[in-house]
file structure29.pdb (PDB, C-alpha atoms, pLDDT in the B column)
MODEL        1
ATOM      1  CA  MET A  22      95.231 113.230  96.597  1.00 56.00           C
ATOM      2  CA  CYS A  23      98.093 115.664  96.899  1.00 70.00           C
ATOM      3  CA  PHE A  24      97.869 119.355  96.142  1.00 72.00           C
ATOM      4  CA  CYS A  25     100.128 119.037  93.076  1.00 73.00           C
ATOM      5  CA  GLN A  26      97.642 116.659  91.463  1.00 79.00           C
ATOM      6  CA  ILE A  27      94.746 119.026  92.100  1.00 74.00           C
ATOM      7  CA  LYS A  28      96.811 121.867  90.671  1.00 80.00           C
ATOM      8  CA  GLN A  29      97.642 119.854  87.539  1.00 82.00           C
ATOM      9  CA  GLU A  30      94.016 118.883  86.975  1.00 85.00           C
ATOM     10  CA  TRP A  31      92.909 122.491  87.462  1.00 82.00           C
ATOM     11  CA  HIS A  32      95.510 123.645  84.951  1.00 84.00           C
ATOM     12  CA  TYR A  33      94.238 121.067  82.444  1.00 88.00           C
ATOM     13  CA  THR A  34      90.625 122.129  82.965  1.00 90.00           C
ATOM     14  CA  GLU A  35      91.610 125.781  82.685  1.00 91.00           C
ATOM     15  CA  LYS A  36      93.275 125.074  79.334  1.00 92.00           C
ATOM     16  CA  ILE A  37      90.117 123.430  77.957  1.00 92.00           C
ATOM     17  CA  VAL A  38      87.962 126.309  79.194  1.00 92.00           C
ATOM     18  CA  MET A  39      90.319 128.844  77.614  1.00 92.00           C
ATOM     19  CA  GLN A  40      90.211 126.976  74.290  1.00 93.00           C
ATOM     20  CA  ASN A  41      86.411 126.914  74.398  1.00 94.00           C
ATOM     21  CA  ILE A  42      86.262 130.647  75.153  1.00 93.00           C
ATOM     22  CA  ALA A  43      88.734 131.383  72.355  1.00 93.00           C
ATOM     23  CA  GLY A  44      86.647 129.293  69.949  1.00 93.00           C
ATOM     24  CA  PHE A  45      83.468 131.049  71.024  1.00 93.00           C
ATOM     25  CA  ILE A  46      85.017 134.514  70.594  1.00 93.00           C
ATOM     26  CA  GLY A  47      86.355 133.470  67.185  1.00 92.00           C
ATOM     27  CA  LYS A  48      82.892 132.366  66.054  1.00 94.00           C
ATOM     28  CA  ARG A  49      81.359 135.544  67.432  1.00 93.00           C
ATOM     29  CA  ASN A  50      83.866 137.738  65.586  1.00 92.00           C
ATOM     30  CA  GLU A  51      83.140 135.778  62.416  1.00 92.00           C
ATOM     31  CA  LEU A  52      79.409 136.454  62.796  1.00 90.00           C
ATOM     32  CA  ILE A  53      79.985 140.152  63.497  1.00 89.00           C
ATOM     33  CA  THR A  54      82.234 140.410  60.429  1.00 91.00           C
ATOM     34  CA  MET A  55      79.610 138.679  58.282  1.00 88.00           C
ATOM     35  CA  ALA A  56      76.844 140.892  59.664  1.00 88.00           C
ATOM     36  CA  SER A  57      78.780 144.096  58.988  1.00 87.00           C
ATOM     37  CA  TYR A  58      79.664 142.787  55.527  1.00 84.00           C
ATOM     38  CA  TYR A  59      75.996 142.276  54.654  1.00 83.00           C
ATOM     39  CA  THR A  60      74.704 145.462  56.268  1.00 80.00           C
ATOM     40  CA  GLY A  61      77.478 147.420  54.567  1.00 76.00           C
ATOM     41  CA  TYR A  62      75.884 146.694  51.194  1.00 61.00           C
ATOM     42  CA  ASP A  63      72.509 148.201  52.016  1.00 50.00           C
TER      43      ASP A  63
ENDMDL
END
call {"tool": "encode", "arguments": {"input": "structure29.pdb", "output": "structure tokens"}}
result
Amino acid sequence: MCFCQIKQEWHYTEKIVMQNIAGFIGKRNELITMASYYTGYD
């Protein structure tokens, strides 16, 4: 297995991880927005 192949696979994995993190942050922001929306009407 050459170094280029390892590098490519790492890049691919990194992309998936980044997408997962972005999705998680998006969901979190959604929840925070919803929470502030509901608490704002108290």
call {"tool": "atom_distance", "arguments": {"input": "structure29.pdb", "atom1": "CA of Ile46 in chain A", "atom2": "CA of Trp31 in chain A"}}
result
22.2 Å
call {"tool": "axis_aligned_box", "arguments": {"input": "structure29.pdb", "around": "range 44-54 of chain A", "padding_each_side": "5 Å", "output": "AutoDock Vina command-line options"}}
result
--center_x 83.0 --center_y 134.9 --center_z 65.7 --size_x 17.2 --size_y 21.1 --size_z 20.6
call {"tool": "atom_distance", "arguments": {"input": "structure29.pdb", "atom1": "CA of Ile37 in chain A", "atom2": "CA of Ala56 in chain A"}}
result
28.6 Å
call {"tool": "atom_distance", "arguments": {"input": "structure29.pdb", "atom1": "CA of Tyr59 in chain A", "atom2": "CA of Ala43 in chain A"}}
result
24.4 Å
